[in-house]
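Engineer: What follows is entry10.cif; its format and atoms are mmCIF, N, CA and C atoms and all ligand atoms.
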data_structure
#
loop_
_atom_site.label_atom_id
_atom_site.label_comp_id
_atom_site.auth_asym_id
_atom_site.auth_seq_id
_atom_site.Cartn_x
_atom_site.Cartn_y
_atom_site.Cartn_z
N MET K 723 0.84 -1.20 0.00
CA MET K 723 0.00 0.00 0.00
C MET K 723 0.86 1.25 0.00
N HIS K 724 1.87 1.23 0.85
CA HIS K 724 2.75 2.39 0.93
C HIS K 724 3.49 2.62 -0.37
N LYS K 725 3.99 1.54 -0.90
CA LYS K 725 4.73 1.61 -2.15
C LYS K 725 3.84 2.20 -3.24
N PHE K 726 2.62 1.75 -3.24
CA PHE K 726 1.67 2.22 -4.24
C PHE K 726 1.49 3.73 -4.17
N PHE K 727 1.30 4.23 -2.98
CA PHE K 727 1.04 5.66 -2.86
C PHE K 727 2.27 6.48 -3.23
N LEU K 728 3.44 5.96 -2.94
CA LEU K 728 4.64 6.68 -3.35
C LEU K 728 4.71 6.75 -4.86
N ALA K 729 4.34 5.66 -5.51
CA ALA K 729 4.40 5.63 -6.97
C ALA K 729 3.46 6.65 -7.58
N LEU K 730 2.46 7.00 -6.84
CA LEU K 730 1.49 7.94 -7.37
C LEU K 730 1.82 9.37 -7.01
N GLY K 731 2.93 9.55 -6.37
CA GLY K 731 3.24 10.85 -5.83
C GLY K 731 3.16 11.98 -6.83
N PHE K 732 3.44 11.65 -8.08
CA PHE K 732 3.44 12.69 -9.10
C PHE K 732 2.11 13.42 -9.15
N PHE K 733 1.03 12.65 -9.07
CA PHE K 733 -0.28 13.29 -9.05
C PHE K 733 -0.75 13.52 -7.63
N ALA K 734 -0.46 12.56 -6.80
CA ALA K 734 -1.07 12.55 -5.48
C ALA K 734 -0.52 13.65 -4.59
N SER K 735 0.62 14.21 -4.96
CA SER K 735 1.23 15.20 -4.09
C SER K 735 0.32 16.40 -3.86
N SER K 736 -0.54 16.69 -4.81
CA SER K 736 -1.39 17.84 -4.63
C SER K 736 -2.82 17.44 -4.24
N VAL K 737 -2.99 16.19 -3.89
CA VAL K 737 -4.32 15.69 -3.54
C VAL K 737 -4.49 15.70 -2.03
N ALA K 738 -5.53 16.33 -1.58
CA ALA K 738 -5.84 16.26 -0.16
C ALA K 738 -6.37 14.87 0.14
N ILE K 739 -5.95 14.31 1.25
CA ILE K 739 -6.40 12.98 1.62
C ILE K 739 -7.93 12.97 1.67
N GLY K 740 -8.52 11.96 1.06
CA GLY K 740 -9.96 11.78 1.23
C GLY K 740 -10.79 12.17 0.00
N ASN K 741 -10.27 13.02 -0.86
CA ASN K 741 -11.07 13.35 -2.04
C ASN K 741 -10.32 13.07 -3.33
N GLU K 742 -9.58 11.97 -3.32
CA GLU K 742 -8.79 11.61 -4.49
C GLU K 742 -9.67 11.39 -5.72
N ASN K 743 -10.80 10.72 -5.52
CA ASN K 743 -11.69 10.49 -6.66
C ASN K 743 -12.18 11.80 -7.26
N ASN K 744 -12.52 12.75 -6.41
CA ASN K 744 -12.97 14.04 -6.91
C ASN K 744 -11.87 14.73 -7.71
N TYR K 745 -10.65 14.58 -7.23
CA TYR K 745 -9.51 15.14 -7.94
C TYR K 745 -9.37 14.49 -9.32
N MET K 746 -9.50 13.18 -9.35
CA MET K 746 -9.36 12.46 -10.62
C MET K 746 -10.45 12.90 -11.61
N ILE K 747 -11.65 13.10 -11.09
CA ILE K 747 -12.75 13.51 -11.97
C ILE K 747 -12.50 14.91 -12.53
N GLU K 748 -12.03 15.77 -11.65
CA GLU K 748 -11.70 17.12 -12.08
C GLU K 748 -10.66 17.10 -13.21
N LYS K 749 -9.70 16.20 -13.09
CA LYS K 749 -8.59 16.17 -14.05
C LYS K 749 -8.91 15.39 -15.31
N PHE K 750 -9.65 14.30 -15.16
CA PHE K 750 -9.70 13.32 -16.26
C PHE K 750 -11.08 13.11 -16.88
N ASP K 751 -12.12 13.71 -16.31
CA ASP K 751 -13.45 13.54 -16.90
C ASP K 751 -13.57 14.42 -18.13
N ARG K 752 -13.57 13.82 -19.30
CA ARG K 752 -13.54 14.61 -20.53
C ARG K 752 -14.92 15.00 -21.03
N ASN K 753 -15.92 14.15 -20.80
CA ASN K 753 -17.25 14.47 -21.34
C ASN K 753 -18.17 15.07 -20.28
N GLY K 754 -17.65 15.37 -19.11
CA GLY K 754 -18.41 16.12 -18.11
C GLY K 754 -19.55 15.37 -17.45
N ASP K 755 -19.51 14.03 -17.45
CA ASP K 755 -20.59 13.28 -16.79
C ASP K 755 -20.24 12.92 -15.34
N LYS K 756 -19.18 13.53 -14.82
CA LYS K 756 -18.75 13.33 -13.43
C LYS K 756 -18.35 11.90 -13.12
N VAL K 757 -18.02 11.17 -14.17
CA VAL K 757 -17.52 9.82 -14.02
C VAL K 757 -16.27 9.70 -14.90
N VAL K 758 -15.23 9.09 -14.39
CA VAL K 758 -14.06 8.85 -15.21
C VAL K 758 -14.02 7.37 -15.56
N THR K 759 -14.15 7.06 -16.84
CA THR K 759 -14.03 5.67 -17.26
C THR K 759 -12.56 5.34 -17.46
N GLN K 760 -12.27 4.06 -17.54
CA GLN K 760 -10.89 3.65 -17.74
C GLN K 760 -10.35 4.18 -19.07
N ASP K 761 -11.20 4.22 -20.09
CA ASP K 761 -10.78 4.76 -21.38
C ASP K 761 -10.39 6.24 -21.26
N GLU K 762 -11.24 7.00 -20.61
CA GLU K 762 -10.92 8.42 -20.42
C GLU K 762 -9.60 8.59 -19.68
N PHE K 763 -9.44 7.76 -18.67
CA PHE K 763 -8.27 7.87 -17.84
C PHE K 763 -6.99 7.55 -18.62
N LEU K 764 -7.05 6.46 -19.38
CA LEU K 764 -5.85 6.05 -20.11
C LEU K 764 -5.55 6.99 -21.27
N GLU K 765 -6.60 7.55 -21.85
CA GLU K 765 -6.40 8.54 -22.91
C GLU K 765 -5.67 9.77 -22.36
N ALA K 766 -6.13 10.21 -21.20
CA ALA K 766 -5.48 11.36 -20.56
C ALA K 766 -4.04 11.02 -20.19
N ALA K 767 -3.83 9.80 -19.73
CA ALA K 767 -2.47 9.38 -19.36
C ALA K 767 -1.56 9.39 -20.58
N ALA K 768 -2.08 8.92 -21.71
CA ALA K 768 -1.28 8.88 -22.94
C ALA K 768 -0.90 10.29 -23.38
N GLU K 769 -1.85 11.21 -23.26
CA GLU K 769 -1.56 12.60 -23.63
C GLU K 769 -0.51 13.21 -22.73
N ARG K 770 -0.64 12.91 -21.46
CA ARG K 770 0.31 13.45 -20.49
C ARG K 770 1.71 12.90 -20.77
N PHE K 771 1.76 11.63 -21.10
CA PHE K 771 3.04 11.01 -21.42
C PHE K 771 3.68 11.72 -22.60
N LYS K 772 2.90 11.97 -23.64
CA LYS K 772 3.42 12.65 -24.83
C LYS K 772 3.94 14.04 -24.51
N LYS K 773 3.21 14.73 -23.64
CA LYS K 773 3.64 16.07 -23.28
C LYS K 773 4.97 16.05 -22.53
N MET K 774 5.11 15.06 -21.67
CA MET K 774 6.35 14.99 -20.90
C MET K 774 7.53 14.54 -21.75
N ASP K 775 7.23 13.72 -22.77
CA ASP K 775 8.29 13.22 -23.64
C ASP K 775 8.66 14.29 -24.67
N VAL K 776 9.44 15.23 -24.22
CA VAL K 776 9.72 16.41 -25.04
C VAL K 776 10.43 16.05 -26.35
N ASP K 777 11.38 15.12 -26.29
CA ASP K 777 12.13 14.79 -27.51
C ASP K 777 11.48 13.68 -28.33
N GLY K 778 10.31 13.19 -27.90
CA GLY K 778 9.54 12.26 -28.71
C GLY K 778 10.16 10.89 -28.94
N ASP K 779 10.98 10.41 -28.00
CA ASP K 779 11.58 9.09 -28.20
C ASP K 779 10.81 7.99 -27.45
N ASN K 780 9.58 8.30 -27.05
CA ASN K 780 8.73 7.33 -26.36
C ASN K 780 9.23 6.87 -25.01
N SER K 781 10.10 7.65 -24.41
CA SER K 781 10.40 7.40 -23.02
C SER K 781 10.66 8.74 -22.35
N ILE K 782 10.38 8.77 -21.06
CA ILE K 782 10.58 10.01 -20.33
C ILE K 782 11.90 9.90 -19.58
N GLU K 783 12.87 10.66 -20.05
CA GLU K 783 14.15 10.68 -19.37
C GLU K 783 14.01 11.50 -18.09
N LYS K 784 14.97 11.29 -17.21
CA LYS K 784 14.89 11.96 -15.91
C LYS K 784 14.81 13.48 -16.06
N THR K 785 15.58 14.03 -16.98
CA THR K 785 15.55 15.49 -17.15
C THR K 785 14.17 15.96 -17.61
N GLU K 786 13.56 15.21 -18.51
CA GLU K 786 12.23 15.57 -18.97
C GLU K 786 11.23 15.52 -17.82
N PHE K 787 11.34 14.47 -17.04
CA PHE K 787 10.42 14.29 -15.94
C PHE K 787 10.58 15.41 -14.90
N LEU K 788 11.80 15.67 -14.53
CA LEU K 788 12.03 16.66 -13.46
C LEU K 788 11.63 18.06 -13.89
N GLN K 789 11.82 18.34 -15.16
CA GLN K 789 11.42 19.66 -15.66
C GLN K 789 9.91 19.84 -15.54
N ARG K 790 9.22 18.83 -16.01
CA ARG K 790 7.76 18.86 -15.95
C ARG K 790 7.30 18.90 -14.49
N TYR K 791 7.94 18.10 -13.69
CA TYR K 791 7.56 18.00 -12.29
C TYR K 791 7.73 19.34 -11.59
N ALA K 792 8.82 19.99 -11.88
CA ALA K 792 9.11 21.27 -11.24
C ALA K 792 8.06 22.32 -11.58
N GLU K 793 7.52 22.22 -12.80
CA GLU K 793 6.51 23.20 -13.21
C GLU K 793 5.17 22.98 -12.53
N HIS K 794 4.92 21.75 -12.08
CA HIS K 794 3.57 21.42 -11.64
C HIS K 794 3.45 21.02 -10.19
N SER K 795 4.51 21.10 -9.46
CA SER K 795 4.37 20.68 -8.07
C SER K 795 5.12 21.64 -7.17
N HIS K 796 4.86 21.50 -5.93
CA HIS K 796 5.44 22.40 -4.94
C HIS K 796 6.34 21.61 -4.01
N SER K 797 7.31 22.27 -3.50
CA SER K 797 8.16 21.62 -2.52
C SER K 797 7.36 21.40 -1.23
N THR K 798 7.76 20.38 -0.51
CA THR K 798 7.15 20.16 0.80
C THR K 798 8.02 20.85 1.84
N THR K 799 7.64 20.74 3.06
CA THR K 799 8.44 21.41 4.10
C THR K 799 9.81 20.77 4.27
N THR K 800 9.89 19.47 3.93
CA THR K 800 11.16 18.78 4.16
C THR K 800 11.95 18.51 2.89
N GLU K 801 11.30 18.61 1.73
CA GLU K 801 12.01 18.29 0.49
C GLU K 801 11.74 19.36 -0.56
N SER K 802 12.72 19.63 -1.38
CA SER K 802 12.49 20.53 -2.51
C SER K 802 11.71 19.79 -3.59
N ALA K 803 11.13 20.54 -4.52
CA ALA K 803 10.35 19.92 -5.59
C ALA K 803 11.21 18.93 -6.37
N SER K 804 12.49 19.24 -6.58
CA SER K 804 13.30 18.34 -7.38
C SER K 804 13.64 17.07 -6.60
N GLU K 805 13.76 17.16 -5.27
CA GLU K 805 13.97 15.95 -4.47
C GLU K 805 12.75 15.04 -4.53
N VAL K 806 11.58 15.65 -4.41
CA VAL K 806 10.36 14.86 -4.50
C VAL K 806 10.27 14.24 -5.89
N GLY K 807 10.58 15.03 -6.91
CA GLY K 807 10.55 14.54 -8.29
C GLY K 807 11.47 13.35 -8.51
N GLN K 808 12.68 13.44 -7.98
CA GLN K 808 13.64 12.33 -8.06
C GLN K 808 13.05 11.05 -7.48
N ARG K 809 12.45 11.20 -6.33
CA ARG K 809 11.92 10.05 -5.62
C ARG K 809 10.79 9.42 -6.42
N VAL K 810 9.90 10.27 -6.94
CA VAL K 810 8.78 9.76 -7.72
C VAL K 810 9.29 9.08 -8.99
N PHE K 811 10.27 9.72 -9.61
CA PHE K 811 10.85 9.14 -10.83
C PHE K 811 11.38 7.73 -10.56
N ASP K 812 12.15 7.59 -9.48
CA ASP K 812 12.72 6.28 -9.16
C ASP K 812 11.65 5.22 -8.95
N LYS K 813 10.52 5.62 -8.38
CA LYS K 813 9.42 4.67 -8.19
C LYS K 813 8.81 4.26 -9.52
N LEU K 814 8.65 5.23 -10.42
CA LEU K 814 8.02 4.93 -11.70
C LEU K 814 8.94 4.10 -12.59
N ASP K 815 10.23 4.34 -12.46
CA ASP K 815 11.22 3.65 -13.30
C ASP K 815 11.52 2.28 -12.72
N GLU K 816 10.63 1.33 -13.01
CA GLU K 816 10.70 0.04 -12.32
C GLU K 816 11.94 -0.76 -12.67
N ASN K 817 12.42 -0.64 -13.91
CA ASN K 817 13.60 -1.43 -14.27
C ASN K 817 14.90 -0.63 -14.13
N HIS K 818 14.80 0.55 -13.58
CA HIS K 818 15.96 1.38 -13.25
C HIS K 818 16.92 1.61 -14.41
N ASP K 819 16.35 1.93 -15.56
CA ASP K 819 17.22 2.28 -16.68
C ASP K 819 17.25 3.80 -16.90
N ALA K 820 16.80 4.54 -15.89
CA ALA K 820 16.81 6.01 -15.93
C ALA K 820 15.86 6.59 -16.97
N LYS K 821 14.91 5.78 -17.40
CA LYS K 821 13.87 6.25 -18.30
C LYS K 821 12.53 5.65 -17.87
N ILE K 822 11.47 6.40 -18.07
CA ILE K 822 10.15 5.83 -17.86
C ILE K 822 9.58 5.51 -19.23
N SER K 823 9.40 4.22 -19.49
CA SER K 823 8.81 3.82 -20.77
C SER K 823 7.31 4.01 -20.70
N GLU K 824 6.68 3.98 -21.88
CA GLU K 824 5.23 4.14 -21.91
C GLU K 824 4.57 3.01 -21.11
N LEU K 825 5.14 1.83 -21.17
CA LEU K 825 4.60 0.69 -20.43
C LEU K 825 4.69 0.93 -18.93
N GLU K 826 5.84 1.35 -18.47
CA GLU K 826 5.98 1.63 -17.04
C GLU K 826 4.99 2.70 -16.60
N TYR K 827 4.86 3.70 -17.44
CA TYR K 827 3.95 4.79 -17.12
C TYR K 827 2.50 4.30 -17.04
N ASN K 828 2.09 3.58 -18.07
CA ASN K 828 0.71 3.09 -18.11
C ASN K 828 0.41 2.12 -16.97
N GLN K 829 1.39 1.30 -16.63
CA GLN K 829 1.17 0.37 -15.53
C GLN K 829 0.92 1.11 -14.22
N SER K 830 1.67 2.17 -14.01
CA SER K 830 1.49 2.91 -12.76
C SER K 830 0.13 3.64 -12.76
N ARG K 831 -0.26 4.13 -13.94
CA ARG K 831 -1.57 4.78 -14.04
C ARG K 831 -2.68 3.79 -13.75
N LEU K 832 -2.52 2.60 -14.35
CA LEU K 832 -3.55 1.58 -14.22
C LEU K 832 -3.69 1.11 -12.77
N LYS K 833 -2.56 1.01 -12.10
CA LYS K 833 -2.59 0.66 -10.68
C LYS K 833 -3.37 1.70 -9.91
N TRP K 834 -3.15 2.95 -10.25
CA TRP K 834 -3.84 4.04 -9.56
C TRP K 834 -5.34 3.93 -9.80
N PHE K 835 -5.70 3.73 -11.07
CA PHE K 835 -7.11 3.63 -11.41
C PHE K 835 -7.77 2.47 -10.66
N THR K 836 -7.12 1.32 -10.69
CA THR K 836 -7.68 0.13 -10.05
C THR K 836 -7.88 0.36 -8.56
N GLU K 837 -6.90 1.02 -7.96
CA GLU K 837 -6.99 1.30 -6.53
C GLU K 837 -8.15 2.25 -6.21
N ALA K 838 -8.34 3.25 -7.07
CA ALA K 838 -9.40 4.23 -6.83
C ALA K 838 -10.79 3.67 -7.15
N ASP K 839 -10.82 2.68 -8.03
CA ASP K 839 -12.08 2.08 -8.44
C ASP K 839 -12.50 1.02 -7.43
N LYS K 840 -13.02 1.48 -6.32
CA LYS K 840 -13.21 0.57 -5.19
C LYS K 840 -14.27 -0.49 -5.44
N ASN K 841 -15.28 -0.18 -6.25
CA ASN K 841 -16.31 -1.18 -6.51
C ASN K 841 -16.10 -1.92 -7.84
N ASN K 842 -14.90 -1.74 -8.43
CA ASN K 842 -14.53 -2.53 -9.61
C ASN K 842 -15.49 -2.45 -10.78
N ASP K 843 -16.09 -1.29 -11.01
CA ASP K 843 -16.96 -1.18 -12.18
C ASP K 843 -16.27 -0.42 -13.33
N GLN K 844 -14.96 -0.27 -13.23
CA GLN K 844 -14.15 0.40 -14.26
C GLN K 844 -14.52 1.86 -14.41
N LYS K 845 -15.07 2.44 -13.37
CA LYS K 845 -15.40 3.86 -13.38
C LYS K 845 -15.01 4.49 -12.06
N ILE K 846 -14.61 5.73 -12.13
CA ILE K 846 -14.37 6.50 -10.91
C ILE K 846 -15.53 7.47 -10.74
N GLU K 847 -16.24 7.35 -9.65
CA GLU K 847 -17.37 8.23 -9.39
C GLU K 847 -17.01 9.25 -8.31
N LEU K 848 -17.78 10.29 -8.25
CA LEU K 848 -17.60 11.29 -7.19
C LEU K 848 -17.82 10.65 -5.83
N GLU K 849 -17.00 11.06 -4.87
CA GLU K 849 -17.23 10.58 -3.51
C GLU K 849 -18.28 11.44 -2.83
N LYS K 850 -19.14 10.78 -2.12
CA LYS K 850 -20.23 11.55 -1.50
C LYS K 850 -19.99 11.71 -0.02
CA CA E 1 -16.70 10.95 -18.15
CA CA E 2 12.07 11.38 -24.12
CA CA E 3 12.49 2.28 -17.04
#
Can you present the structure in this file as structure tokens?

Structural biologist:
Amino acid sequence: MHKFFLALGFFASSVAIGNENNYMIEKFDRNGDKVVTQDEFLEAAAERFKKMDVDGDNSIEKTEFLQRYAEHSHSTTTESASEVGQRVFDKLDENHDAKISELEYNQSRLKWFTEADKNNDQKIELEK
């Protein structure tokens, strides 16, 4: 469980505990029905991957990742944004080749989706 949440740090760092689903809907609901389907989620993930892959070689190198991370996240009281970014990168880079492949990226996204989809209906609904 702990490992999982660390892997999600890239997005989760700005999520207040308890309304993660609402955050996901805000970010990933494309047709405005307040539900995020797995297709919507993976489509958004693919777009995000492309944006981060600045040189278009289908992998996110550490420099690409950290640059993007620095633009979108804040330092915590104990770590700078780049330290947090390093840590998240290492978690995402499962085979430790200093690159995040599209597969590694999608796997981590899918884990996140599965974890948030508590009733296993392949949809993320608003928390009430
Ligand atoms: Ca939707
Ligand atoms: Ca790249
Ligand atoms: Ca890798």

Engineer: Rounded to one decimal in Å, what is the spacing between atom CA of K:Ser830 and atom CA of K:Asn842?

Structural biologist: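 Interatomic distance, atom CA of K:Ser830 to atom CA of K:Asn842: 17.2 Å.
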
Engineer: From the list K:Glu824, K:Asp755, K:Glu849, K:Asp843, which residue is nearest K:Phe771 when using only C-alpha atoms?

Structural biologist: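 Using only C-alpha atoms, the shortest distance to K:Phe771 belongs to K:Glu824.
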
Engineer: When distances are computed from only N, CA and C atoms and all ligand atoms, which of K:Gln808, K:Thr800, K:Asn780, K:Gln844 shows the smallest separation from ligand CA 2 (chain E)?

Structural biologist: K:Asn780

Engineer: Can you report as lines of an AutoDock Vina configuration file the centre and edge lengths in Å, to one decimal, of an axis-aligned box around the listed atoms of stretch 811-814 of chain K padded with 5 Å on each side?

Structural biologist:
center_x = 10.4
center_y = 6.9
center_z = -10.4
size_x = 14.7
size_y = 15.6
size_z = 14.4

Engineer: Can you pull out every residue with an atom within 7 Å of ligand CA 2 (chain E)? Use only N, CA and C atoms and all ligand atoms and format it as a PyMOL selection string.

Structural biologist: chain K and resi 774-783+786

Engineer: Tell me which of K:Leu788, K:Leu832, K:Leu848, K:Val806 sits closest to K:Glu765, counting only C-alpha atoms.

Structural biologist: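 When distances to K:Glu765 are compared using only C-alpha atoms, the smallest one comes from K:Leu832.
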
Engineer: Considering only C-alpha atoms and all ligand atoms, can you say which of K:Ser804, K:Ser797, K:Ser823, K:Gln789 comes closest to ligand CA 3 (chain E)?

Structural biologist: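 Answer, going by the shortest atom-to-atom distance: K:Ser823.
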
Engineer: Could you give me the residues within 7 Å of ligand CA 1 (chain E), counting all atoms listed in the file, as a list in words?

Structural biologist: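 Selection of residues at most 7 Å from ligand CA 1 (chain E): Phe750, Asp751, Arg752, Asn753, Gly754, Asp755, Lys756, Val757, Val758, Thr759 and Glu762 of chain K.
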
Engineer: Let me see the file: selected residues, N, CA and C atoms, as a compact mmCIF listing (two decimals), in the frame of the given file.

Structural biologist:
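Writing done, so here's selection_15.txt:
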# COMPACT_ATOMS: atom_id res chain seq x y z
N PHE K 750 -9.65 14.30 -15.16
CA PHE K 750 -9.70 13.32 -16.26
C PHE K 750 -11.08 13.11 -16.88
N ASP K 751 -12.12 13.71 -16.31
CA ASP K 751 -13.45 13.54 -16.90
C ASP K 751 -13.57 14.42 -18.13
N ARG K 752 -13.57 13.82 -19.30
CA ARG K 752 -13.54 14.61 -20.53
C ARG K 752 -14.92 15.00 -21.03
N ASN K 753 -15.92 14.15 -20.80
CA ASN K 753 -17.25 14.47 -21.34
C ASN K 753 -18.17 15.07 -20.28
N GLY K 754 -17.65 15.37 -19.11
CA GLY K 754 -18.41 16.12 -18.11
C GLY K 754 -19.55 15.37 -17.45
N ASP K 755 -19.51 14.03 -17.45
CA ASP K 755 -20.59 13.28 -16.79
C ASP K 755 -20.24 12.92 -15.34
N LYS K 756 -19.18 13.53 -14.82
CA LYS K 756 -18.75 13.33 -13.43
C LYS K 756 -18.35 11.90 -13.12
N VAL K 757 -18.02 11.17 -14.17
CA VAL K 757 -17.52 9.82 -14.02
C VAL K 757 -16.27 9.70 -14.90
N VAL K 758 -15.23 9.09 -14.39
CA VAL K 758 -14.06 8.85 -15.21
C VAL K 758 -14.02 7.37 -15.56
N THR K 759 -14.15 7.06 -16.84
CA THR K 759 -14.03 5.67 -17.26
C THR K 759 -12.56 5.34 -17.46
N GLU K 762 -11.24 7.00 -20.61
CA GLU K 762 -10.92 8.42 -20.42
C GLU K 762 -9.60 8.59 -19.68
